[in-house]
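So this one's query28.pdb, PDB, C-alpha atoms and all ligand atoms:
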```
MODEL        1
ATOM      1  CA  MET A  18      56.981 -52.382   4.495
ATOM      2  CA  ALA A  19      57.948 -51.008   1.078
ATOM      3  CA  LYS A  20      60.847 -52.589  -0.746
ATOM      4  CA  ILE A  21      63.269 -49.919  -1.914
ATOM      5  CA  ILE A  22      64.557 -50.601  -5.421
ATOM      6  CA  ASP A  23      68.240 -49.747  -5.091
ATOM      7  CA  GLY A  24      69.228 -48.291  -8.475
ATOM      8  CA  LYS A  25      72.742 -47.598  -7.330
ATOM      9  CA  LYS A  26      73.340 -51.241  -6.415
ATOM     10  CA  ILE A  27      71.735 -52.572  -9.600
ATOM     11  CA  ALA A  28      73.758 -50.113 -11.707
ATOM     12  CA  GLU A  29      76.954 -51.349  -9.978
ATOM     13  CA  GLU A  30      76.016 -54.953 -10.858
ATOM     14  CA  ILE A  31      75.543 -53.963 -14.486
ATOM     15  CA  LYS A  32      78.837 -52.084 -14.426
ATOM     16  CA  GLU A  33      80.657 -55.278 -13.415
ATOM     17  CA  GLU A  34      78.928 -57.177 -16.248
ATOM     18  CA  LEU A  35      79.906 -54.480 -18.744
ATOM     19  CA  LYS A  36      83.531 -54.561 -17.572
ATOM     20  CA  LYS A  37      83.591 -58.273 -18.420
ATOM     21  CA  GLU A  38      82.126 -57.587 -21.868
ATOM     22  CA  VAL A  39      84.829 -54.984 -22.472
ATOM     23  CA  LEU A  40      87.518 -57.528 -21.516
ATOM     24  CA  VAL A  41      86.102 -60.030 -24.010
ATOM     25  CA  LEU A  42      86.161 -57.350 -26.721
ATOM     26  CA  ALA A  43      89.729 -56.403 -25.769
ATOM     27  CA  LYS A  44      90.825 -59.924 -26.717
ATOM     28  CA  LYS A  45      89.538 -59.152 -30.214
ATOM     29  CA  LYS A  46      91.406 -55.834 -30.107
ATOM     30  CA  ILE A  47      88.175 -53.831 -29.887
ATOM     31  CA  VAL A  48      87.969 -50.933 -27.431
ATOM     32  CA  PRO A  49      84.471 -49.394 -27.363
ATOM     33  CA  SER A  50      84.748 -45.660 -27.793
ATOM     34  CA  LEU A  51      82.340 -42.843 -27.078
ATOM     35  CA  LEU A  52      82.517 -39.241 -28.233
ATOM     36  CA  VAL A  53      80.492 -36.774 -26.161
ATOM     37  CA  ILE A  54      79.993 -33.346 -27.717
ATOM     38  CA  LEU A  55      79.231 -30.582 -25.243
ATOM     39  CA  VAL A  56      78.295 -27.181 -26.617
ATOM     40  CA  GLY A  57      78.152 -24.238 -24.209
ATOM     41  CA  GLU A  58      78.458 -23.801 -20.472
ATOM     42  CA  ASP A  59      75.273 -25.371 -19.059
ATOM     43  CA  ASN A  60      76.180 -26.363 -15.479
ATOM     44  CA  ALA A  61      74.030 -29.484 -15.243
ATOM     45  CA  SER A  62      75.298 -30.701 -18.628
ATOM     46  CA  GLN A  63      78.904 -30.295 -17.501
ATOM     47  CA  ILE A  64      78.212 -32.482 -14.451
ATOM     48  CA  TYR A  65      76.402 -35.133 -16.547
ATOM     49  CA  VAL A  66      79.260 -35.231 -19.058
ATOM     50  CA  LYS A  67      81.865 -35.555 -16.300
ATOM     51  CA  ASN A  68      79.918 -38.481 -14.801
ATOM     52  CA  LYS A  69      79.656 -40.194 -18.174
ATOM     53  CA  GLU A  70      83.405 -39.803 -18.669
ATOM     54  CA  ARG A  71      84.151 -41.213 -15.203
ATOM     55  CA  VAL A  72      81.896 -44.267 -15.551
ATOM     56  CA  ALA A  73      83.154 -44.961 -19.081
ATOM     57  CA  LYS A  74      86.721 -44.972 -17.774
ATOM     58  CA  GLU A  75      85.814 -47.351 -14.910
ATOM     59  CA  ILE A  76      84.325 -49.801 -17.416
ATOM     60  CA  GLY A  77      87.203 -49.554 -19.890
ATOM     61  CA  ILE A  78      85.355 -47.582 -22.553
ATOM     62  CA  ASP A  79      87.479 -45.005 -24.317
ATOM     63  CA  SER A  80      85.576 -41.769 -23.884
ATOM     64  CA  GLN A  81      86.420 -38.389 -25.349
ATOM     65  CA  VAL A  82      84.671 -35.138 -24.566
ATOM     66  CA  MET A  83      84.704 -32.396 -27.163
ATOM     67  CA  LYS A  84      83.919 -29.063 -25.536
ATOM     68  CA  LEU A  85      82.693 -26.386 -27.921
ATOM     69  CA  SER A  86      81.838 -22.767 -27.226
ATOM     70  CA  THR A  87      78.258 -21.451 -27.130
ATOM     71  CA  ALA A  88      79.123 -19.501 -30.282
ATOM     72  CA  THR A  89      79.668 -22.705 -32.322
ATOM     73  CA  SER A  90      77.731 -22.421 -35.575
ATOM     74  CA  GLN A  91      75.266 -24.965 -36.944
ATOM     75  CA  GLU A  92      77.588 -25.553 -39.928
ATOM     76  CA  ASP A  93      80.632 -26.212 -37.737
ATOM     77  CA  LEU A  94      78.731 -28.626 -35.508
ATOM     78  CA  GLU A  95      77.366 -30.472 -38.526
ATOM     79  CA  GLU A  96      80.878 -30.690 -39.952
ATOM     80  CA  ILE A  97      82.185 -32.216 -36.706
ATOM     81  CA  ILE A  98      79.424 -34.826 -36.610
ATOM     82  CA  LEU A  99      80.037 -35.850 -40.227
ATOM     83  CA  GLN A 100      83.731 -36.125 -39.489
ATOM     84  CA  TYR A 101      83.157 -38.491 -36.554
ATOM     85  CA  ASN A 102      80.472 -40.459 -38.397
ATOM     86  CA  ALA A 103      83.249 -41.385 -40.814
ATOM     87  CA  ASP A 104      85.812 -42.122 -38.081
ATOM     88  CA  GLU A 105      85.950 -45.896 -37.572
ATOM     89  CA  LYS A 106      87.652 -45.495 -34.191
ATOM     90  CA  ILE A 107      84.520 -43.847 -32.723
ATOM     91  CA  HIS A 108      81.626 -46.246 -32.044
ATOM     92  CA  GLY A 109      79.193 -43.940 -30.247
ATOM     93  CA  ILE A 110      78.412 -40.243 -30.671
ATOM     94  CA  LEU A 111      76.364 -38.343 -28.115
ATOM     95  CA  VAL A 112      75.462 -34.680 -28.382
ATOM     96  CA  GLN A 113      74.689 -33.469 -24.873
ATOM     97  CA  LEU A 114      71.337 -31.680 -24.695
ATOM     98  CA  PRO A 115      70.213 -28.946 -24.346
ATOM     99  CA  LEU A 116      72.024 -27.202 -27.198
ATOM    100  CA  PRO A 117      72.176 -23.402 -27.498
ATOM    101  CA  ASP A 118      69.051 -21.845 -29.078
ATOM    102  CA  SER A 119      70.990 -20.980 -32.241
ATOM    103  CA  ILE A 120      71.367 -24.683 -33.074
ATOM    104  CA  ASP A 121      68.701 -26.760 -34.844
ATOM    105  CA  VAL A 122      68.637 -29.761 -32.480
ATOM    106  CA  LYS A 123      66.490 -32.018 -34.659
ATOM    107  CA  ARG A 124      68.809 -31.544 -37.618
ATOM    108  CA  ILE A 125      71.875 -32.284 -35.508
ATOM    109  CA  ILE A 126      70.384 -35.477 -34.058
ATOM    110  CA  SER A 127      69.311 -36.612 -37.529
ATOM    111  CA  LEU A 128      72.867 -36.169 -38.817
ATOM    112  CA  ILE A 129      74.388 -38.635 -36.345
ATOM    113  CA  ASP A 130      74.994 -41.999 -37.994
ATOM    114  CA  PRO A 131      72.120 -44.135 -36.573
ATOM    115  CA  LYS A 132      74.631 -46.938 -35.933
ATOM    116  CA  LYS A 133      76.516 -44.561 -33.585
ATOM    117  CA  ASP A 134      73.414 -42.980 -32.006
ATOM    118  CA  VAL A 135      73.904 -44.414 -28.503
ATOM    119  CA  ASP A 136      71.299 -42.043 -26.998
ATOM    120  CA  CYS A 137      68.730 -43.569 -29.394
ATOM    121  CA  PHE A 138      67.288 -40.195 -30.384
ATOM    122  CA  HIS A 139      67.746 -40.531 -34.173
ATOM    123  CA  PRO A 140      64.384 -40.846 -35.973
ATOM    124  CA  GLU A 141      65.472 -44.137 -37.574
ATOM    125  CA  ASN A 142      66.259 -45.651 -34.175
ATOM    126  CA  VAL A 143      63.050 -44.274 -32.638
ATOM    127  CA  GLY A 144      61.103 -45.800 -35.534
ATOM    128  CA  ARG A 145      62.823 -49.157 -35.150
ATOM    129  CA  MET A 146      61.977 -49.170 -31.450
ATOM    130  CA  MET A 147      58.348 -48.413 -32.341
ATOM    131  CA  ILE A 148      58.094 -51.535 -34.538
ATOM    132  CA  ASP A 149      59.862 -53.660 -31.904
ATOM    133  CA  ASP A 150      63.051 -53.999 -33.942
ATOM    134  CA  ALA A 151      65.270 -51.800 -31.782
ATOM    135  CA  ARG A 152      68.934 -51.236 -32.586
ATOM    136  CA  PHE A 153      69.408 -49.383 -29.294
ATOM    137  CA  LEU A 154      67.023 -48.583 -26.456
ATOM    138  CA  PRO A 155      66.924 -45.018 -25.101
ATOM    139  CA  CYS A 156      68.866 -44.828 -21.860
ATOM    140  CA  THR A 157      66.405 -43.640 -19.200
ATOM    141  CA  PRO A 158      63.456 -45.812 -20.302
ATOM    142  CA  ALA A 159      65.847 -48.769 -20.687
ATOM    143  CA  GLY A 160      67.053 -48.069 -17.147
ATOM    144  CA  VAL A 161      63.475 -48.198 -15.859
ATOM    145  CA  LEU A 162      62.868 -51.551 -17.567
ATOM    146  CA  GLU A 163      66.134 -52.952 -16.259
ATOM    147  CA  LEU A 164      65.262 -51.894 -12.687
ATOM    148  CA  LEU A 165      61.920 -53.713 -12.968
ATOM    149  CA  LYS A 166      63.461 -56.801 -14.576
ATOM    150  CA  ARG A 167      66.206 -57.125 -11.980
ATOM    151  CA  SER A 168      63.644 -56.672  -9.199
ATOM    152  CA  ASN A 169      61.701 -59.627 -10.682
ATOM    153  CA  ILE A 170      58.755 -57.431 -11.610
ATOM    154  CA  SER A 171      57.045 -58.545 -14.797
ATOM    155  CA  VAL A 172      55.284 -55.885 -16.863
ATOM    156  CA  GLU A 173      53.304 -58.229 -19.118
ATOM    157  CA  GLY A 174      49.573 -57.736 -18.640
ATOM    158  CA  LYS A 175      50.146 -55.035 -16.017
ATOM    159  CA  ASN A 176      48.170 -51.833 -15.886
ATOM    160  CA  ILE A 177      50.901 -49.179 -16.107
ATOM    161  CA  VAL A 178      50.452 -45.417 -15.884
ATOM    162  CA  ILE A 179      53.234 -43.064 -17.016
ATOM    163  CA  VAL A 180      52.972 -39.402 -16.032
ATOM    164  CA  GLY A 181      54.950 -37.396 -18.610
ATOM    165  CA  ARG A 182      55.048 -37.716 -22.394
ATOM    166  CA  SER A 183      58.468 -36.344 -23.353
ATOM    167  CA  ASN A 184      60.428 -37.746 -26.286
ATOM    168  CA  ILE A 185      63.224 -38.668 -23.877
ATOM    169  CA  VAL A 186      61.312 -40.519 -21.157
ATOM    170  CA  GLY A 187      57.517 -40.898 -21.214
ATOM    171  CA  LYS A 188      56.851 -41.612 -24.886
ATOM    172  CA  PRO A 189      59.648 -44.130 -25.573
ATOM    173  CA  LEU A 190      58.984 -45.862 -22.255
ATOM    174  CA  ALA A 191      55.329 -46.264 -23.240
ATOM    175  CA  VAL A 192      56.334 -47.847 -26.554
ATOM    176  CA  MET A 193      58.788 -50.202 -24.885
ATOM    177  CA  LEU A 194      56.205 -51.293 -22.304
ATOM    178  CA  ILE A 195      53.559 -51.812 -25.015
ATOM    179  CA  ASN A 196      56.053 -53.998 -26.887
ATOM    180  CA  LEU A 197      56.418 -56.042 -23.698
ATOM    181  CA  GLY A 198      52.663 -56.585 -23.413
ATOM    182  CA  ALA A 199      51.735 -54.035 -20.752
ATOM    183  CA  THR A 200      48.533 -51.976 -20.824
ATOM    184  CA  VAL A 201      49.813 -48.415 -20.805
ATOM    185  CA  THR A 202      48.220 -45.034 -20.088
ATOM    186  CA  VAL A 203      50.325 -41.924 -20.693
ATOM    187  CA  CYS A 204      49.363 -38.694 -18.911
ATOM    188  CA  ASN A 205      50.460 -35.107 -19.459
ATOM    189  CA  SER A 206      49.834 -31.653 -18.032
ATOM    190  CA  LYS A 207      46.401 -31.484 -19.712
ATOM    191  CA  THR A 208      45.202 -34.840 -18.373
ATOM    192  CA  LYS A 209      41.886 -34.680 -16.554
ATOM    193  CA  ASN A 210      41.431 -36.771 -13.396
ATOM    194  CA  LEU A 211      45.153 -37.451 -12.996
ATOM    195  CA  LYS A 212      44.567 -38.684  -9.449
ATOM    196  CA  GLU A 213      41.959 -41.269 -10.475
ATOM    197  CA  ILE A 214      44.041 -42.509 -13.408
ATOM    198  CA  CYS A 215      47.197 -42.878 -11.292
ATOM    199  CA  ALA A 216      45.249 -44.665  -8.565
ATOM    200  CA  GLN A 217      44.418 -47.449 -11.074
ATOM    201  CA  ALA A 218      48.068 -48.205 -11.788
ATOM    202  CA  GLU A 219      49.711 -51.436 -10.717
ATOM    203  CA  ILE A 220      52.960 -49.792 -11.816
ATOM    204  CA  LEU A 221      53.133 -45.992 -11.696
ATOM    205  CA  VAL A 222      56.011 -44.168 -13.396
ATOM    206  CA  SER A 223      56.398 -40.437 -12.922
ATOM    207  CA  ALA A 224      58.643 -38.347 -15.197
ATOM    208  CA  THR A 225      57.443 -34.760 -14.910
ATOM    209  CA  GLY A 226      60.094 -32.742 -13.079
ATOM    210  CA  LYS A 227      57.429 -31.519 -10.619
ATOM    211  CA  ALA A 228      58.397 -32.188  -7.015
ATOM    212  CA  GLY A 229      55.564 -33.609  -4.926
ATOM    213  CA  LEU A 230      53.166 -33.979  -7.873
ATOM    214  CA  ILE A 231      52.461 -37.606  -6.996
ATOM    215  CA  CYS A 232      50.876 -37.727  -3.530
ATOM    216  CA  ALA A 233      50.180 -40.900  -1.568
ATOM    217  CA  ASP A 234      46.436 -40.658  -2.259
ATOM    218  CA  MET A 235      47.141 -40.977  -6.011
ATOM    219  CA  ILE A 236      48.829 -44.341  -5.505
ATOM    220  CA  LYS A 237      47.044 -47.700  -5.452
ATOM    221  CA  LYS A 238      47.793 -49.790  -2.384
ATOM    222  CA  ASP A 239      50.739 -52.149  -3.005
ATOM    223  CA  ALA A 240      51.549 -50.478  -6.335
ATOM    224  CA  ILE A 241      55.088 -50.340  -7.702
ATOM    225  CA  VAL A 242      56.306 -46.755  -8.097
ATOM    226  CA  ILE A 243      59.193 -45.663 -10.324
ATOM    227  CA  ASP A 244      60.182 -42.038  -9.841
ATOM    228  CA  VAL A 245      62.186 -40.676 -12.785
ATOM    229  CA  GLY A 246      61.898 -37.034 -11.735
ATOM    230  CA  ILE A 247      64.928 -35.122 -10.495
ATOM    231  CA  ASN A 248      64.069 -31.877  -8.717
ATOM    232  CA  ARG A 249      65.486 -29.613  -6.051
ATOM    233  CA  ASN A 250      63.163 -28.843  -3.168
ATOM    234  CA  ALA A 251      63.036 -25.567  -1.202
ATOM    235  CA  GLU A 252      66.023 -26.686   0.924
ATOM    236  CA  GLY A 253      68.053 -27.424  -2.210
ATOM    237  CA  LYS A 254      67.820 -31.197  -1.644
ATOM    238  CA  LEU A 255      67.407 -33.578  -4.604
ATOM    239  CA  VAL A 256      63.913 -35.090  -4.670
ATOM    240  CA  GLY A 257      61.742 -36.911  -7.185
ATOM    241  CA  ASP A 258      58.166 -36.250  -8.323
ATOM    242  CA  VAL A 259      56.694 -38.536  -5.667
ATOM    243  CA  ASP A 260      55.944 -37.681  -2.041
ATOM    244  CA  TYR A 261      58.382 -40.440  -1.107
ATOM    245  CA  ILE A 262      57.946 -40.663   2.681
ATOM    246  CA  ARG A 263      54.152 -40.980   2.565
ATOM    247  CA  ALA A 264      54.231 -43.170  -0.543
ATOM    248  CA  CYS A 265      56.475 -45.667   1.270
ATOM    249  CA  ASP A 266      53.604 -46.532   3.637
ATOM    250  CA  LYS A 267      51.420 -47.564   0.732
ATOM    251  CA  VAL A 268      53.504 -49.102  -2.045
ATOM    252  CA  SER A 269      55.036 -52.559  -2.398
ATOM    253  CA  CYS A 270      58.183 -51.240  -4.154
ATOM    254  CA  ILE A 271      59.553 -47.787  -4.875
ATOM    255  CA  THR A 272      62.674 -46.153  -6.312
ATOM    256  CA  PRO A 273      64.352 -43.413  -4.251
ATOM    257  CA  VAL A 274      65.692 -40.105  -5.607
ATOM    258  CA  PRO A 275      68.638 -39.933  -5.717
ATOM    259  CA  GLY A 276      69.780 -43.542  -6.145
ATOM    260  CA  GLY A 277      66.930 -44.915  -8.261
ATOM    261  CA  VAL A 278      66.633 -44.372 -12.002
ATOM    262  CA  GLY A 279      69.505 -41.855 -12.237
ATOM    263  CA  PRO A 280      72.447 -44.289 -11.922
ATOM    264  CA  MET A 281      70.763 -46.631 -14.404
ATOM    265  CA  THR A 282      70.558 -44.053 -17.199
ATOM    266  CA  ILE A 283      74.316 -43.678 -17.416
ATOM    267  CA  MET A 284      74.848 -47.448 -17.301
ATOM    268  CA  MET A 285      72.438 -47.951 -20.201
ATOM    269  CA  LEU A 286      74.475 -45.430 -22.199
ATOM    270  CA  MET A 287      77.567 -47.540 -21.532
ATOM    271  CA  ARG A 288      75.672 -50.678 -22.563
ATOM    272  CA  ASN A 289      74.643 -49.009 -25.830
ATOM    273  CA  THR A 290      78.231 -47.935 -26.521
ATOM    274  CA  ILE A 291      79.472 -51.505 -26.108
ATOM    275  CA  LEU A 292      76.635 -52.735 -28.322
ATOM    276  CA  ALA A 293      77.546 -50.140 -30.961
ATOM    277  CA  ALA A 294      81.166 -51.341 -30.895
ATOM    278  CA  LYS A 295      80.070 -54.973 -31.261
ATOM    279  CA  ASN A 296      77.687 -54.175 -34.123
ATOM    280  CA  GLN A 297      80.300 -52.147 -35.979
ATOM    281  CA  ALA A 298      82.903 -54.876 -35.524
ATOM    282  CA  ASN A 299      80.499 -57.410 -37.042
ATOM    283  CA  GLN A 300      79.815 -55.323 -40.133
TER     284      GLN A 300
HETATM  285  P1  LIG B 401      59.931 -32.665 -19.897
HETATM  286  O1  LIG B 401      59.788 -31.341 -19.258
HETATM  287  O2  LIG B 401      60.371 -32.761 -21.307
HETATM  288  O3  LIG B 401      58.526 -33.424 -19.778
HETATM  289  C1  LIG B 401      57.764 -33.381 -18.615
HETATM  290  C2  LIG B 401      56.455 -34.064 -18.868
HETATM  291  O4  LIG B 401      55.695 -34.001 -17.674
HETATM  292  C3  LIG B 401      55.611 -33.395 -19.956
HETATM  293  O5  LIG B 401      55.035 -34.365 -20.790
HETATM  294  C4  LIG B 401      54.547 -32.627 -19.165
HETATM  295  O6  LIG B 401      53.311 -32.519 -19.829
HETATM  296  C5  LIG B 401      54.397 -33.531 -17.954
HETATM  297  N1  LIG B 401      53.856 -32.786 -16.831
HETATM  298  C6  LIG B 401      54.338 -31.646 -16.294
HETATM  299  N2  LIG B 401      53.533 -31.215 -15.289
HETATM  300  C7  LIG B 401      52.530 -32.108 -15.205
HETATM  301  C8  LIG B 401      51.377 -32.215 -14.382
HETATM  302  N3  LIG B 401      51.110 -31.298 -13.438
HETATM  303  N4  LIG B 401      50.553 -33.266 -14.563
HETATM  304  C9  LIG B 401      50.834 -34.188 -15.513
HETATM  305  N5  LIG B 401      51.894 -34.148 -16.327
HETATM  306  C10 LIG B 401      52.738 -33.119 -16.172
HETATM  307  O7  LIG B 401      60.883 -33.492 -18.951
HETATM  308  P2  LIG B 401      61.740 -34.851 -19.186
HETATM  309  O8  LIG B 401      60.862 -35.942 -19.652
HETATM  310  O9  LIG B 401      62.979 -34.548 -19.925
HETATM  311  O10 LIG B 401      62.170 -35.144 -17.679
HETATM  312  C11 LIG B 401      61.199 -35.385 -16.682
HETATM  313  C12 LIG B 401      61.888 -35.488 -15.341
HETATM  314  O11 LIG B 401      62.748 -36.606 -15.359
HETATM  315  C13 LIG B 401      62.762 -34.292 -14.972
HETATM  316  O12 LIG B 401      62.719 -34.107 -13.582
HETATM  317  C14 LIG B 401      64.144 -34.726 -15.392
HETATM  318  O13 LIG B 401      65.154 -34.084 -14.649
HETATM  319  C15 LIG B 401      64.070 -36.189 -15.048
HETATM  320  N6  LIG B 401      64.987 -37.016 -15.822
HETATM  321  C16 LIG B 401      65.676 -37.932 -15.132
HETATM  322  C17 LIG B 401      66.538 -38.760 -15.757
HETATM  323  C18 LIG B 401      67.241 -39.788 -14.963
HETATM  324  O14 LIG B 401      68.225 -40.319 -15.416
HETATM  325  N7  LIG B 401      66.749 -40.136 -13.779
HETATM  326  C19 LIG B 401      66.805 -38.649 -17.203
HETATM  327  C20 LIG B 401      65.927 -37.727 -17.879
HETATM  328  C21 LIG B 401      65.069 -36.920 -17.179
HETATM  329  P3  LIG B 401      53.131 -31.643 -21.193
HETATM  330  O15 LIG B 401      53.769 -32.475 -22.252
HETATM  331  O16 LIG B 401      51.658 -31.520 -21.347
HETATM  332  O17 LIG B 401      53.839 -30.357 -20.961
ENDMDL
END
```

Can you turn what I pasted into structure tokens?
Amino acid sequence: MAKIIDGKKIAEEIKEELKKEVLVLAKKKIVPSLLVILVGEDNASQIYVKNKERVAKEIGIDSQVMKLSTATSQEDLEEIILQYNADEKIHGILVQLPLPDSIDVKRIISLIDPKKDVDCFHPENVGRMMIDDARFLPCTPAGVLELLKRSNISVEGKNIVIVGRSNIVGKPLAVMLINLGATVTVCNSKTKNLKEICAQAEILVSATGKAGLICADMIKKDAIVIDVGINRNAEGKLVGDVDYIRACDKVSCITPVPGGVGPMTIMMLMRNTILAAKNQANQ
């Protein structure tokens, strides 16, 4: 019988821990604060931002959302970021992606003060993570690691396959797992023999955004499966990348979608914001 890794429950546990950290900081008159910049009308982004605001409030983090129109110019957005980089009351700055096509995303991310880059997308923070000297950890990969840790699953020496090589999930997760002593294979859409490679994995992580890509016959018996994917199936229901029902008969542990990695991502953002506040207070 597969053990279901309950991301919602684990995220709630972390939330309670973070609330306590915020109370300790409050005694030192520090209130962690997060600025989320949302440019344009993307529906999914609006929902994500609302959720971030809600969870921040529950924890006691002061969160502000700056909503800007799709027509916002590169220069204006850069000006806003520089302004908040210099604002000592703001500890974390997050620019919600995707940005409109008219905006140079890489330039915007590089302008955020690395000390306030709670998404951990700034090249300096990515580089520090690479050499195992992380200031922050990127939220979704950190959420995956936290799920494994709190389920008493060690990654050291494990044969881990990640399907997906994006800068947000697959690549940073691979680096973090390598730093922890795992043997990591990263696959992408050009990978040959995906089935055979996945079937070798003691821990299989899928982050592709392709519903049903990972079938039960691609999974090693008793493997641990982490499904990062969020997709809508033909009936409009949220599903992951993994054929969950059939996979459950084969795996030892698996994350559901929804209720697996998703709730962890947001909690890791909150953890980074508190860390940013602590670091800035110690400067
Ligand atoms: P991207 O589209 O940036 O990357 C997808 C990756 O999957 C690419 O590397 C792509 O390969 C690979 N891929 C696509 N099709 C195949 C295939 N048939 N075989 C092997 N590899 C394939 O997506 P993201 O990394 O941003 O997100 C991935 C998924 O995770 C999405 O469903 C997203 O919604 C979800 N997500 C969930 C989060 C959460 O909190 N739970 C947070 C972030 C994302 P190639 O590079 O060759 O194109």

Under the rule of at most 8 Å, produce a per-residue listing of chain A near ligand LIG 401 (chain B): chain, number, name, the closest pair of atoms, and the distance in Å, as CSV, using all atoms listed in the file.
```
residue,atom,partner,partner_atom,distance
A:Cys156,CA,B:LIG401,O14,7.9
A:Thr157,CA,B:LIG401,O14,5.4
A:Val180,CA,B:LIG401,N5,5.4
A:Gly181,CA,B:LIG401,O4,3.6
A:Arg182,CA,B:LIG401,O5,3.7
A:Ser183,CA,B:LIG401,O8,4.4
A:Asn184,CA,B:LIG401,O8,6.9
A:Ile185,CA,B:LIG401,O8,5.6
A:Val186,CA,B:LIG401,O8,4.8
A:Gly187,CA,B:LIG401,O8,6.2
A:Cys204,CA,B:LIG401,N5,5.8
A:Asn205,CA,B:LIG401,N5,3.6
A:Ser206,CA,B:LIG401,N5,3.7
A:Lys207,CA,B:LIG401,O16,5.5
A:Thr208,CA,B:LIG401,C9,6.4
A:Leu211,CA,B:LIG401,N4,7.0
A:Ser223,CA,B:LIG401,C12,7.8
A:Ala224,CA,B:LIG401,C11,4.2
A:Thr225,CA,B:LIG401,O4,3.4
A:Gly226,CA,B:LIG401,O12,3.0
A:Lys227,CA,B:LIG401,N2,6.1
A:Leu230,CA,B:LIG401,N3,6.5
A:Asp244,CA,B:LIG401,N7,7.9
A:Val245,CA,B:LIG401,N7,4.7
A:Gly246,CA,B:LIG401,O12,3.6
A:Ile247,CA,B:LIG401,O12,3.9
A:Asn248,CA,B:LIG401,O12,5.5
A:Gly257,CA,B:LIG401,O12,7.1
A:Asp258,CA,B:LIG401,O12,7.3
A:Gly277,CA,B:LIG401,N7,7.3
A:Val278,CA,B:LIG401,N7,4.6
A:Gly279,CA,B:LIG401,N7,3.6
A:Pro280,CA,B:LIG401,O14,6.8
A:Met281,CA,B:LIG401,O14,6.9
A:Thr282,CA,B:LIG401,O14,4.8
A:Ile283,CA,B:LIG401,O14,7.2
```

Any idea what the distance is between atom CA of Val242 of chain A and atom CA of His139 of chain A?
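According to the coordinates, atom CA of Val242 of chain A and atom CA of His139 of chain A are separated by 29.1 Å.
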
Hey, which of A:Asp118, A:Glu92, A:Asp23, A:Asp59 ends up closest to Ile243 of chain A? Count only C-alpha atoms.
A:Asp23

If we count only C-alpha atoms and set the cut-off at 12 Å, which residues sit around Arg288 of chain A, ignoring sequence neighbours fewer than 6 positions away in its own chain? Please answer as a PyMOL selection string.
chain A and resi 28+31-39+49-51+72-73+76-78+109+135-136+153-156+159-160+163+281-282+294-295

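Checking A:Asn68, A:Asn210, A:Gln297, A:Asn196 one by one against Met284 of chain A, counting all atoms listed in the file, you find the shortest gap at A:Asn68.
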
Please write the residues picked by the PyMOL selection byres (((chain A and resi 174) around 8) and not hetatm) on this file as a PDB file with C-alpha atoms, in the coordinates of the input.
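Result file is expr-v4.pdb:
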```
ATOM      1  CA  VAL A 172      55.284 -55.885 -16.863  1.00  0.00           C
ATOM      2  CA  GLU A 173      53.304 -58.229 -19.118  1.00  0.00           C
ATOM      3  CA  LYS A 175      50.146 -55.035 -16.017  1.00  0.00           C
ATOM      4  CA  ASN A 176      48.170 -51.833 -15.886  1.00  0.00           C
ATOM      5  CA  GLY A 198      52.663 -56.585 -23.413  1.00  0.00           C
ATOM      6  CA  ALA A 199      51.735 -54.035 -20.752  1.00  0.00           C
ATOM      7  CA  THR A 200      48.533 -51.976 -20.824  1.00  0.00           C
TER       8      THR A 200
END
```

For the file shown, what are the residues hit by the PyMOL selection byres (((chain A and resi 217) around 9) and not hetatm), laid out as a list of chain:residue names?
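Matching residues under the PyMOL selection byres (((chain A and resi 217) around 9) and not hetatm) are A:Asn176, A:Ile177, A:Val178, A:Lys212, A:Glu213, A:Ile214, A:Cys215, A:Ala216, A:Ala218, A:Glu219, A:Ile220, A:Leu221, A:Met235, A:Ile236, A:Lys237.
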
Straight-line distance linking atom CA of Thr202 of chain A with atom CA of Leu162 of chain A, stated in Å to one decimal
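That distance, rounded to one decimal, is 16.2 Å.
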